[in-house]
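Listing of query_1.txt; format and content: compact mmCIF, C-alpha atoms (C1' of nucleotides).
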# COMPACT_ATOMS: atom_id res chain seq x y z
CA MET I 1 35.85 111.07 -219.31
CA LYS I 2 34.60 108.88 -216.50
CA SER I 3 33.44 105.37 -217.11
CA GLU I 4 29.94 104.22 -216.29
CA ALA I 5 31.33 102.19 -213.40
CA GLU I 6 33.06 105.24 -211.91
CA GLN I 7 30.03 107.49 -212.19
CA HIS I 8 27.83 104.80 -210.74
CA PHE I 9 30.18 104.35 -207.81
CA SER I 10 30.37 108.03 -206.89
CA ARG I 11 26.65 108.66 -207.22
CA GLU I 12 25.41 105.56 -205.43
CA LEU I 13 27.96 105.66 -202.63
CA LEU I 14 27.20 109.29 -201.82
CA SER I 15 23.48 108.74 -201.75
CA TRP I 16 23.89 105.54 -199.69
CA TYR I 17 26.04 107.35 -197.12
CA ARG I 18 23.60 110.22 -196.74
CA ALA I 19 20.79 107.76 -196.08
CA ASN I 20 22.71 105.34 -193.85
CA LYS I 21 25.43 107.22 -191.98
CA ARG I 22 25.79 106.44 -188.30
CA THR I 23 25.29 109.13 -185.71
CA LEU I 24 28.69 109.54 -184.10
CA PRO I 25 29.97 112.09 -181.55
CA TRP I 26 32.33 113.70 -184.09
CA ARG I 27 29.54 114.06 -186.63
CA VAL I 28 27.40 116.47 -184.60
CA ASN I 29 29.04 119.43 -186.35
CA ARG I 30 32.06 120.22 -188.55
CA ASP I 31 34.32 121.75 -185.91
CA PRO I 32 37.80 121.08 -187.34
CA TYR I 33 39.20 120.42 -183.86
CA ARG I 34 36.59 117.76 -183.16
CA ILE I 35 37.25 116.14 -186.55
CA TRP I 36 40.99 116.27 -185.92
CA VAL I 37 40.81 114.57 -182.52
CA SER I 38 38.49 111.89 -183.87
CA GLU I 39 40.75 111.11 -186.83
CA ILE I 40 43.80 110.72 -184.59
CA MET I 41 41.93 108.43 -182.21
CA LEU I 42 40.51 106.40 -185.09
CA GLN I 43 43.97 105.56 -186.41
CA GLN I 44 44.26 101.76 -186.08
CA THR I 45 41.35 101.84 -183.65
CA ARG I 46 37.71 100.85 -183.99
CA VAL I 47 34.79 103.24 -183.65
CA ASP I 48 33.28 101.43 -180.67
CA THR I 49 36.57 101.57 -178.82
CA VAL I 50 37.07 105.25 -179.58
CA ILE I 51 33.66 106.63 -178.59
CA PRO I 52 34.04 106.63 -174.76
CA TYR I 53 37.61 107.96 -175.04
CA TYR I 54 36.45 110.68 -177.41
CA GLU I 55 33.67 111.85 -175.10
CA ARG I 56 36.02 112.00 -172.12
CA PHE I 57 38.75 113.72 -174.11
CA MET I 58 36.42 116.42 -175.46
CA ASP I 59 35.00 117.01 -171.98
CA ARG I 60 38.48 117.47 -170.58
CA PHE I 61 39.98 119.37 -173.52
CA PRO I 62 37.04 121.09 -175.27
CA THR I 63 39.20 123.51 -177.26
CA ILE I 64 42.58 123.59 -178.93
CA ARG I 65 43.71 126.05 -176.28
CA ALA I 66 42.64 123.75 -173.45
CA LEU I 67 44.61 120.90 -174.99
CA ALA I 68 47.64 123.06 -175.72
CA GLU I 69 47.80 124.35 -172.16
CA ALA I 70 47.19 121.05 -170.37
CA PRO I 71 49.97 119.13 -168.60
CA GLU I 72 51.26 116.37 -170.86
CA ALA I 73 50.76 113.76 -168.15
CA GLU I 74 47.05 114.61 -168.04
CA VAL I 75 46.70 114.11 -171.79
CA LEU I 76 48.50 110.78 -171.54
CA LYS I 77 46.24 109.71 -168.68
CA CYS I 78 43.21 110.51 -170.83
CA TRP I 79 44.69 108.28 -173.56
CA GLU I 80 45.43 105.40 -171.17
CA GLY I 81 44.37 102.06 -172.66
CA LEU I 82 43.90 103.41 -176.19
CA GLY I 83 47.39 102.47 -177.37
CA TYR I 84 49.90 104.11 -179.70
CA TYR I 85 50.56 106.74 -177.08
CA SER I 86 52.72 108.90 -179.34
CA ARG I 87 49.42 109.87 -180.97
CA ALA I 88 48.44 111.70 -177.78
CA ARG I 89 51.72 113.55 -177.48
CA ASN I 90 51.77 114.41 -181.18
CA LEU I 91 48.18 115.64 -181.00
CA GLN I 92 49.04 117.98 -178.16
CA ALA I 93 52.15 119.13 -180.00
CA GLY I 94 49.91 119.83 -183.00
CA ALA I 95 47.52 121.83 -180.81
CA ARG I 96 50.44 123.90 -179.57
CA MET I 97 51.52 124.48 -183.18
CA VAL I 98 48.03 125.73 -184.04
CA MET I 99 48.15 128.13 -181.08
CA GLU I 100 51.60 129.42 -182.04
CA LEU I 101 51.31 129.56 -185.81
CA TYR I 102 47.63 129.89 -186.66
CA GLY I 103 46.02 131.88 -183.85
CA GLY I 104 44.31 128.86 -182.35
CA GLU I 105 42.25 127.95 -185.43
CA VAL I 106 42.89 124.92 -187.64
CA PRO I 107 43.88 126.52 -190.97
CA ASP I 108 41.80 125.79 -194.08
CA ASP I 109 44.98 124.93 -195.94
CA LYS I 110 46.21 121.48 -196.95
CA THR I 111 49.92 122.16 -196.59
CA SER I 112 49.52 123.75 -193.17
CA VAL I 113 47.34 120.94 -191.85
CA ALA I 114 49.68 118.30 -193.27
CA GLY I 115 52.53 120.03 -191.41
CA LEU I 116 50.97 119.46 -187.99
CA LYS I 117 52.63 116.93 -185.73
CA GLY I 118 51.00 113.53 -186.02
CA VAL I 119 49.07 114.42 -189.19
CA GLY I 120 50.07 112.33 -192.21
CA PRO I 121 48.59 111.87 -195.67
CA TYR I 122 45.43 110.13 -194.50
CA THR I 123 44.61 112.46 -191.62
CA SER I 124 45.31 115.67 -193.53
CA GLY I 125 42.97 114.48 -196.28
CA ALA I 126 40.33 113.53 -193.75
CA ILE I 127 40.46 116.90 -192.00
CA MET I 128 40.49 118.90 -195.24
CA SER I 129 37.59 116.99 -196.75
CA ILE I 130 35.39 116.45 -193.69
CA ALA I 131 35.92 119.79 -191.92
CA PHE I 132 36.39 122.05 -194.98
CA ASN I 133 34.82 119.98 -197.76
CA ARG I 134 37.99 120.22 -199.85
CA ALA I 135 38.48 117.68 -202.65
CA GLU I 136 41.35 115.78 -201.01
CA PRO I 137 41.71 112.01 -200.78
CA ALA I 138 41.56 110.31 -197.36
CA VAL I 139 42.84 106.83 -198.06
CA ASP I 140 42.97 104.45 -195.12
CA GLY I 141 42.75 100.68 -194.93
CA ASN I 142 39.00 100.74 -195.52
CA VAL I 143 39.30 102.82 -198.67
CA MET I 144 42.08 100.63 -200.06
CA ARG I 145 39.96 97.55 -199.46
CA VAL I 146 36.80 99.02 -201.01
CA LEU I 147 38.52 100.39 -204.10
CA SER I 148 40.69 97.31 -204.54
CA ARG I 149 37.53 95.23 -204.69
CA TYR I 150 35.37 97.57 -206.74
CA PHE I 151 38.04 98.11 -209.41
CA CYS I 152 39.60 94.66 -208.95
CA LEU I 153 43.04 96.10 -208.23
CA GLU I 154 45.66 93.45 -207.50
CA GLU I 155 48.51 95.63 -206.23
CA ASP I 156 49.79 94.88 -202.73
CA ILE I 157 48.16 97.46 -200.45
CA ALA I 158 50.98 96.99 -197.94
CA LYS I 159 53.27 98.86 -200.34
CA PRO I 160 53.37 102.68 -200.01
CA LYS I 161 53.30 103.08 -203.77
CA THR I 162 49.91 101.41 -203.92
CA ARG I 163 48.42 103.97 -201.54
CA ILE I 164 49.65 106.79 -203.80
CA GLY I 165 47.90 105.23 -206.78
CA ILE I 166 44.67 104.71 -204.87
CA GLU I 167 44.78 108.32 -203.69
CA LYS I 168 44.79 109.48 -207.31
CA LEU I 169 41.87 107.21 -208.08
CA ALA I 170 40.00 108.36 -204.96
CA VAL I 171 40.33 112.07 -205.85
CA SER I 172 38.97 111.44 -209.31
CA LEU I 173 35.86 109.85 -207.83
CA ILE I 174 34.90 112.73 -205.50
CA PRO I 175 31.56 114.22 -206.61
CA GLU I 176 31.52 117.98 -207.08
CA GLY I 177 31.09 119.77 -203.74
CA ALA I 178 30.69 116.57 -201.71
CA ALA I 179 34.21 115.60 -200.68
CA GLY I 180 33.42 115.23 -196.98
CA ASP I 181 30.39 113.01 -197.38
CA PHE I 182 31.96 110.97 -200.16
CA ASN I 183 35.15 110.25 -198.21
CA GLN I 184 33.20 109.35 -195.11
CA GLY I 185 30.92 107.19 -197.25
CA LEU I 186 33.92 105.29 -198.58
CA MET I 187 35.06 104.51 -195.03
CA GLU I 188 31.54 103.85 -193.79
CA LEU I 189 31.02 101.30 -196.55
CA GLY I 190 34.29 99.60 -195.62
CA ALA I 191 33.30 99.50 -191.96
CA LEU I 192 29.69 98.34 -192.37
CA VAL I 193 29.36 96.48 -195.69
CA CYS I 194 32.63 95.88 -197.53
CA THR I 195 34.20 94.32 -194.43
CA PRO I 196 37.57 92.49 -194.41
CA LYS I 197 36.28 88.95 -193.79
CA SER I 198 32.81 88.38 -195.14
CA PRO I 199 31.60 91.36 -197.18
CA SER I 200 27.83 91.84 -197.38
CA CYS I 201 27.77 92.20 -201.13
CA LEU I 202 24.01 91.76 -201.34
CA LEU I 203 23.55 94.89 -199.21
CA CYS I 204 26.12 96.91 -201.13
CA PRO I 205 24.91 100.01 -202.99
CA VAL I 206 27.59 99.56 -205.69
CA MET I 207 27.47 95.79 -206.09
CA GLU I 208 26.14 96.03 -209.64
CA HIS I 209 29.43 97.34 -211.11
CA CYS I 210 31.87 95.89 -208.57
CA ALA I 211 34.62 94.33 -210.71
CA GLY I 212 35.98 92.31 -207.81
CA ARG I 213 32.66 90.67 -207.11
CA ILE I 214 31.95 90.13 -210.82
CA ALA I 215 35.32 88.36 -211.05
CA GLY I 216 34.43 86.33 -207.96
CA LYS I 217 37.43 87.75 -206.10
CA GLU I 218 35.71 89.70 -203.34
CA HIS I 219 37.13 87.33 -200.72
CA GLU I 220 40.69 87.42 -202.09
CA LEU I 221 40.94 91.18 -202.38
CA PRO I 222 42.67 93.27 -201.33
CA ILE I 223 46.08 91.67 -201.79
CA LYS I 224 48.23 92.33 -198.76
CA THR I 225 51.57 90.80 -197.75
CA LYS I 226 51.61 89.45 -194.24
CA ALA I 227 53.38 91.29 -191.44
CA LYS I 228 56.28 89.68 -189.61
CA PRO I 229 55.24 87.87 -186.43
CA PRO I 230 56.11 89.72 -183.21
CA ARG I 231 59.43 88.70 -181.67
CA PRO I 232 59.13 86.86 -178.35
CA GLU I 233 60.48 88.40 -175.15
CA HIS I 234 60.52 86.76 -171.72
CA ARG I 235 60.43 89.12 -168.78
CA VAL I 236 60.31 88.81 -165.00
CA ALA I 237 58.54 91.52 -163.02
CA ALA I 238 58.18 92.42 -159.36
CA ILE I 239 55.31 93.64 -157.27
CA ILE I 240 57.27 95.08 -154.37
CA ALA I 241 55.21 95.79 -151.27
CA GLY I 242 56.20 98.81 -149.24
CA SER I 243 56.48 98.84 -145.46
CA GLY I 244 56.36 101.46 -142.73
CA VAL I 245 55.16 104.73 -144.24
CA ASN I 246 54.75 102.88 -147.55
CA ALA I 247 52.62 100.07 -146.18
CA GLY I 248 49.91 99.12 -148.66
CA LYS I 249 51.81 100.67 -151.54
CA VAL I 250 53.84 99.14 -154.37
CA LEU I 251 56.91 100.32 -156.23
CA VAL I 252 56.39 101.55 -159.80
CA ARG I 253 58.61 103.33 -162.26
CA GLN I 254 58.21 105.61 -165.25
CA ARG I 255 59.38 104.57 -168.70
CA PRO I 256 61.78 106.69 -170.79
CA GLU I 257 60.64 109.76 -172.75
CA THR I 258 60.78 107.97 -176.09
CA GLY I 259 60.24 104.49 -177.44
CA LEU I 260 57.80 101.79 -176.43
CA LEU I 261 55.08 103.02 -174.04
CA ALA I 262 56.97 106.28 -173.63
CA GLN I 263 56.47 108.03 -170.27
CA MET I 264 53.95 105.47 -169.10
CA TRP I 265 54.22 103.96 -165.59
CA GLU I 266 54.89 100.27 -165.01
CA LEU I 267 55.93 97.62 -162.53
CA PRO I 268 59.70 97.05 -162.46
CA HIS I 269 60.68 94.25 -164.82
CA LEU I 270 63.66 92.79 -166.58
CA LEU I 271 64.26 91.32 -170.01
CA LEU I 272 65.76 87.85 -169.86
CA THR I 273 68.40 86.72 -172.31
CA LYS I 274 67.58 83.65 -174.36
CA GLU I 275 69.77 81.56 -172.04
CA GLN I 276 68.07 82.93 -168.94
CA SER I 277 64.66 82.12 -170.41
CA TYR I 278 65.61 78.45 -170.56
CA LEU I 279 66.52 78.48 -166.87
CA LEU I 280 62.95 79.29 -165.96
CA ALA I 281 60.80 76.27 -165.27
CA ILE I 282 57.39 75.99 -166.86
CA ASP I 283 55.93 76.07 -163.37
CA GLY I 284 56.20 79.54 -161.90
CA ALA I 285 55.95 78.15 -158.37
CA ALA I 286 59.05 75.95 -158.70
CA ALA I 287 61.59 76.81 -156.03
CA ASN I 288 64.58 76.60 -158.35
CA GLU I 289 63.06 79.01 -160.80
CA GLN I 290 62.03 81.43 -158.10
CA ALA I 291 65.58 81.59 -156.86
CA VAL I 292 66.92 82.36 -160.30
CA ALA I 293 64.31 84.96 -161.09
CA GLY I 294 64.63 86.42 -157.64
CA GLU I 295 68.33 86.94 -158.01
CA LEU I 296 67.95 88.55 -161.41
CA LEU I 297 65.20 90.88 -160.28
CA THR I 298 66.98 91.78 -157.10
CA LYS I 299 70.14 92.76 -158.88
CA ALA I 300 68.39 94.80 -161.55
CA VAL I 301 65.88 96.66 -159.44
CA GLU I 302 68.28 97.27 -156.58
CA SER I 303 70.86 98.91 -158.77
CA GLU I 304 68.24 101.17 -160.32
CA SER I 305 66.20 102.07 -157.29
CA GLY I 306 68.76 101.79 -154.51
CA LEU I 307 66.40 99.53 -152.58
CA LEU I 308 67.10 96.04 -151.26
CA ILE I 309 64.55 93.66 -152.73
CA ARG I 310 63.59 90.23 -151.39
CA PRO I 311 61.48 88.08 -153.75
CA ARG I 312 58.78 86.22 -151.87
CA LYS I 313 56.72 84.07 -154.25
CA TRP I 314 55.25 83.68 -157.68
CA PHE I 315 52.12 85.78 -158.26
CA MET I 316 50.93 85.26 -161.84
CA ASP I 317 51.93 85.00 -165.49
CA ALA I 318 50.71 87.31 -168.22
CA GLU I 319 51.02 87.58 -171.99
CA HIS I 320 50.96 90.86 -173.80
CA VAL I 321 51.16 91.20 -177.56
CA PHE I 322 52.21 94.39 -179.30
CA SER I 323 52.28 94.62 -183.07
CA HIS I 324 56.01 93.84 -183.05
CA ILE I 325 56.80 92.25 -179.67
CA HIS I 326 55.24 89.37 -177.74
CA TRP I 327 55.85 89.67 -174.00
CA THR I 328 55.65 86.65 -171.74
CA MET I 329 55.86 88.01 -168.21
CA ARG I 330 56.16 86.28 -164.87
CA PHE I 331 55.21 88.41 -161.87
CA TYR I 332 56.67 87.85 -158.39
CA LEU I 333 55.60 89.31 -155.10
CA ALA I 334 58.49 90.84 -153.23
CA ASP I 335 59.34 92.64 -150.00
CA LEU I 336 62.05 94.99 -148.95
CA GLY I 337 64.98 93.45 -147.15
CA ALA I 338 64.30 93.66 -143.40
CA GLU I 339 67.52 95.40 -142.47
CA ASP I 340 66.82 97.85 -145.23
CA TYR I 341 63.71 99.27 -143.65
CA SER I 342 65.37 102.55 -142.72
CA ILE I 343 66.62 103.04 -146.23
CA ALA I 344 63.14 102.41 -147.58
CA ALA I 345 61.67 104.94 -145.22
CA GLU I 346 64.37 107.45 -146.07
CA SER I 347 63.80 106.91 -149.74
CA ALA I 348 60.11 107.57 -149.37
CA ALA I 349 60.82 110.72 -147.42
CA ALA I 350 63.39 111.74 -149.95
CA TYR I 351 60.86 111.41 -152.69
CA GLU I 352 58.76 114.12 -151.13
CA THR I 353 61.72 116.46 -151.38
CA GLY I 354 62.81 115.38 -154.80
CA GLY I 355 65.27 112.50 -154.63
CA ILE I 356 64.84 108.82 -153.92
CA ASP I 357 68.56 108.50 -153.32
CA GLY I 358 68.28 110.79 -150.35
CA SER I 359 70.68 113.28 -151.86
CA GLY I 360 68.48 116.06 -150.56
CA GLU I 361 68.03 117.87 -153.86
CA SER I 362 65.27 120.43 -153.79
CA PRO I 363 62.14 119.56 -155.82
CA SER I 364 62.87 122.25 -158.39
CA GLU I 365 66.26 120.69 -159.10
CA ALA I 366 65.04 117.11 -159.21
CA VAL I 367 66.01 115.85 -162.63
CA GLU I 368 64.13 112.61 -162.94
CA GLN I 369 62.14 110.49 -160.52
CA PRO I 370 61.68 107.16 -162.25
CA TYR I 371 60.57 105.25 -159.12
CA ARG I 372 57.57 105.94 -156.87
CA TRP I 373 55.54 104.20 -154.18
CA ILE I 374 51.86 104.26 -155.09
CA GLY I 375 48.56 103.11 -153.66
CA PRO I 376 45.30 102.36 -155.49
CA GLU I 377 44.32 106.03 -155.38
CA ASP I 378 47.34 106.96 -157.50
CA MET I 379 45.96 104.91 -160.37
CA GLU I 380 43.65 107.83 -161.06
CA THR I 381 46.47 110.19 -161.98
CA LEU I 382 49.29 108.04 -163.36
CA ALA I 383 48.99 106.52 -166.85
CA PHE I 384 49.62 102.77 -167.08
CA PRO I 385 49.56 100.46 -170.11
CA ASN I 386 46.70 97.95 -170.00
CA LEU I 387 48.97 95.06 -169.06
CA PHE I 388 50.04 96.68 -165.78
CA LEU I 389 46.57 98.05 -165.08
CA ARG I 390 45.29 94.48 -165.10
CA ILE I 391 48.03 93.18 -162.83
CA LEU I 392 47.73 96.00 -160.31
CA ARG I 393 43.95 95.72 -160.13
CA GLU I 394 44.34 91.98 -159.56
CA TYR I 395 46.87 92.63 -156.82
CA TRP I 396 44.76 95.13 -154.96
CA ASP I 397 41.56 93.09 -155.16
C1' DA O 398 61.57 100.19 -197.81
C1' DA O 399 61.72 98.46 -193.23
C1' DC O 400 60.94 99.04 -188.75
C1' DC O 401 58.86 101.03 -184.57
C1' DC O 402 54.63 101.96 -182.06
C1' DG O 403 49.01 99.23 -178.57
C1' DG O 404 45.07 97.24 -178.14
C1' DG O 405 40.81 94.88 -178.82
C1' DG O 406 37.41 92.44 -181.51
C1' DC O 407 36.36 88.84 -184.49
C1' DC O 408 36.24 84.12 -186.66
C1' DG A 409 45.14 81.65 -182.35
C1' DG A 410 45.60 84.10 -186.34
C1' DC A 411 43.78 88.05 -188.55
C1' DC A 412 41.95 92.53 -189.02
C1' DC A 413 42.79 96.98 -188.54
C1' DA A 414 39.60 104.79 -189.60
C1' DG A 415 48.44 105.54 -189.81
C1' DG A 416 52.46 108.31 -188.63
C1' DG A 417 57.28 108.78 -187.37
C1' DT A 418 61.96 107.41 -187.80
C1' DT A 419 65.91 105.50 -189.99

Please, can you express the file's structure as structure tokens?
Amino acid sequence: MKSEAEQHFSRELLSWYRANKRTLPWRVNRDPYRIWVSEIMLQQTRVDTVIPYYERFMDRFPTIRALAEAPEAEVLKCWEGLGYYSRARNLQAGARMVMELYGGEVPDDKTSVAGLKGVGPYTSGAIMSIAFNRAEPAVDGNVMRVLSRYFCLEEDIAKPKTRIGIEKLAVSLIPEGAAGDFNQGLMELGALVCTPKSPSCLLCPVMEHCAGRIAGKEHELPIKTKAKPPRPEHRVAAIIAGSGVNAGKVLVRQRPETGLLAQMWELPHLLLTKEQSYLLAIDGAAANEQAVAGELLTKAVESESGLLIRPRKWFMDAEHVFSHIHWTMRFYLADLGAEDYSIAAESAAAYETGGIDGSGESPSEAVEQPYRWIGPEDMETLAFPNLFLRILREYWD
DNA sequence: AACCCGGGGCC
DNA sequence: GGCCCAGGGTT
């Protein structure tokens, strides 16, 4: 038997959502593919940020087949700037699974959907409830906050076990035949009314029976242990200007297939040891520091690219914070060593035929090409993390 | 359970 | 400048 508070919550939230829901691009119909893409993009990402990406993505990949058959680099480029880039690769892998296993249609089956790459407990519940109106929980940070407050739950929502418990509670609250609207209402309330910092309790449709507010704890809930601060990393990076056939271009490289910013392009850079960090002066223009950084960069980039690098001068500093790493980067302008001009030219020519080392491999046999000379026009095809986008735009302006 | 994986907006 | 995320994968 449901309590008065529970019945009140389900009834009032559903009716509030139906009267107040925002018009959003993924709410124009219940196409499971459109819901799926939106839910992946919305992971850890705000609605306003997602909307332009979503429109572009659906234009480019309107169907599961289109996404499954696209080059991976094109999908990554479409995701550029959105972050958590494994989401893009997992989404495409999921699309390919749907083509292979389910005839190109998202299956109306919880276990099958939950088995798709990149689809976890939250997203499978969201797809099943929103696209198919199945009575599955879709518990994200919003839902944990709303329910923690309404039922005055004091468990730590950072713990996985807490999410399991809230999922059970959330299922029990779903009104008959209205799973999609109810789940979206839960998240909509969290986004618009029951916000993290200063909840608008006086506008809340379920304020009357909210145990958290009645207890005066709406500002303390939900309980959540703090994340570890990101570890600091000092890096030196080079903007290496090409010459001859590469005049006007700069040297970039592609990151490894897995790990941080996988397969994205970047300016060459080097992690400093703690001792090396201390050698750097506060002032990037100091001659002593330039010499040190120049030597480090030269050694590292030369051995990787086979080019002779000559650091010229400090360009700018930049900070970039990930959830787990804090980069402090110092960028230097650099040239190719003068006597190395022929090698640079050869390397550029070699690239066209598949090898920067000039080994003369045919393009079909080229294994990996981590370094490339690019001009501004190449920014339209290669995917860069925001940090390097900013630096390169600054450089070319 | 702990860690890895981006980015932007808000206060 | 700290805090918040419409999480999932890996170990």

Chain I residues within 8 Å of chain A, counting only C-alpha atoms (C1' of nucleotides): which ones, as a PyMOL selection string? chain I and resi 39+42-47+118-120+122+140-142+187+196

Could I get the residues of chain I with an atom no further than 10 Å from an atom of chain O, each paired with its nearest atom pair and that distance in Å to one decimal, using only C-alpha atoms (C1' of nucleotides), sorted by chain and residue number, as a Markdown table?
| residue | atom | partner | partner_atom | distance |
| --- | --- | --- | --- | --- |
| I:Gln44 | CA | O:DG404 | C1' | 9.2 |
| I:Thr45 | CA | O:DG404 | C1' | 8.1 |
| I:Arg46 | CA | O:DG405 | C1' | 8.5 |
| I:Asp48 | CA | O:DG406 | C1' | 9.9 |
| I:Thr49 | CA | O:DG405 | C1' | 7.9 |
| I:Gly81 | CA | O:DG404 | C1' | 7.3 |
| I:Leu82 | CA | O:DG404 | C1' | 6.6 |
| I:Gly83 | CA | O:DG403 | C1' | 3.8 |
| I:Tyr84 | CA | O:DG403 | C1' | 5.1 |
| I:Tyr85 | CA | O:DG403 | C1' | 7.8 |
| I:Ser86 | CA | O:DC402 | C1' | 7.7 |
| I:Arg87 | CA | O:DC402 | C1' | 9.5 |
| I:Lys159 | CA | O:DA398 | C1' | 8.8 |
| I:Pro160 | CA | O:DA398 | C1' | 8.8 |
| I:Lys197 | CA | O:DC408 | C1' | 8.6 |
| I:Gly259 | CA | O:DC402 | C1' | 7.7 |
| I:Leu260 | CA | O:DC402 | C1' | 6.5 |
| I:Leu261 | CA | O:DC402 | C1' | 8.1 |
| I:Ala262 | CA | O:DC402 | C1' | 9.8 |
| I:His320 | CA | O:DG404 | C1' | 9.7 |
| I:Val321 | CA | O:DG403 | C1' | 8.4 |
| I:Phe322 | CA | O:DG403 | C1' | 5.8 |
| I:Ser323 | CA | O:DG403 | C1' | 7.2 |
| I:His324 | CA | O:DC401 | C1' | 7.9 |
| I:Pro385 | CA | O:DG403 | C1' | 8.6 |
| I:Asn386 | CA | O:DG404 | C1' | 8.3 |

Spatial neighbours of Leu67 in chain I, max dist 12 Å, only C-alpha atoms (C1' of nucleotides), sep filter under 5 positions, as an mmCIF file with C-alpha atoms, in the frame of the given file:
data_model
loop_
_atom_site.group_PDB
_atom_site.id
_atom_site.type_symbol
_atom_site.label_atom_id
_atom_site.label_comp_id
_atom_site.auth_asym_id
_atom_site.auth_seq_id
_atom_site.Cartn_x
_atom_site.Cartn_y
_atom_site.Cartn_z
ATOM 1 C CA TYR I 33 39.200 120.420 -183.860
ATOM 2 C CA ARG I 34 36.590 117.760 -183.160
ATOM 3 C CA VAL I 37 40.810 114.570 -182.520
ATOM 4 C CA PHE I 57 38.750 113.720 -174.110
ATOM 5 C CA MET I 58 36.420 116.420 -175.460
ATOM 6 C CA ASP I 59 35.000 117.010 -171.980
ATOM 7 C CA ARG I 60 38.480 117.470 -170.580
ATOM 8 C CA PHE I 61 39.980 119.370 -173.520
ATOM 9 C CA PRO I 62 37.040 121.090 -175.270
ATOM 10 C CA GLU I 72 51.260 116.370 -170.860
ATOM 11 C CA ALA I 73 50.760 113.760 -168.150
ATOM 12 C CA GLU I 74 47.050 114.610 -168.040
ATOM 13 C CA VAL I 75 46.700 114.110 -171.790
ATOM 14 C CA LEU I 76 48.500 110.780 -171.540
ATOM 15 C CA CYS I 78 43.210 110.510 -170.830
ATOM 16 C CA ALA I 88 48.440 111.700 -177.780
ATOM 17 C CA ARG I 89 51.720 113.550 -177.480
ATOM 18 C CA ASN I 90 51.770 114.410 -181.180
ATOM 19 C CA LEU I 91 48.180 115.640 -181.000
ATOM 20 C CA GLN I 92 49.040 117.980 -178.160
ATOM 21 C CA ALA I 93 52.150 119.130 -180.000
ATOM 22 C CA GLY I 94 49.910 119.830 -183.000
ATOM 23 C CA ALA I 95 47.520 121.830 -180.810
ATOM 24 C CA ARG I 96 50.440 123.900 -179.570
ATOM 25 C CA MET I 97 51.520 124.480 -183.180
ATOM 26 C CA VAL I 98 48.030 125.730 -184.040
ATOM 27 C CA MET I 99 48.150 128.130 -181.080
ATOM 28 C CA GLY I 104 44.310 128.860 -182.350
#

Please compute the CA of Ser200 in chain I-CA of His219 in chain I distance, one decimal, in Å. 10.9 Å

Nearby residues (all atoms listed in the file) at most 8 Å from Lys249 in chain I, same-chain spacing under 4 positions excluded, as JSON, numbers by chain: {"I": [241, 242, 243, 373, 374, 375, 376]}

Give me the box for chain O as lines of an AutoDock Vina configuration file, namely the centre and edge lengths in Å to one decimal of a box along x, y and z that holds every listed atom plus 5 Å on each side.
center_x = 49.0
center_y = 93.0
center_z = -188.0
size_x = 35.5
size_y = 27.8
size_z = 29.7

In Å, with one decimal, what is the gap from CA of Glu377 in chain I to CA of Thr298 in chain I? 26.8 Å

How far is it from CA of Ser305 in chain I to CA of Glu257 in chain I, in Å with one decimal?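 For CA of Ser305 in chain I relative to CA of Glu257 in chain I, the distance reads 18.1 Å.
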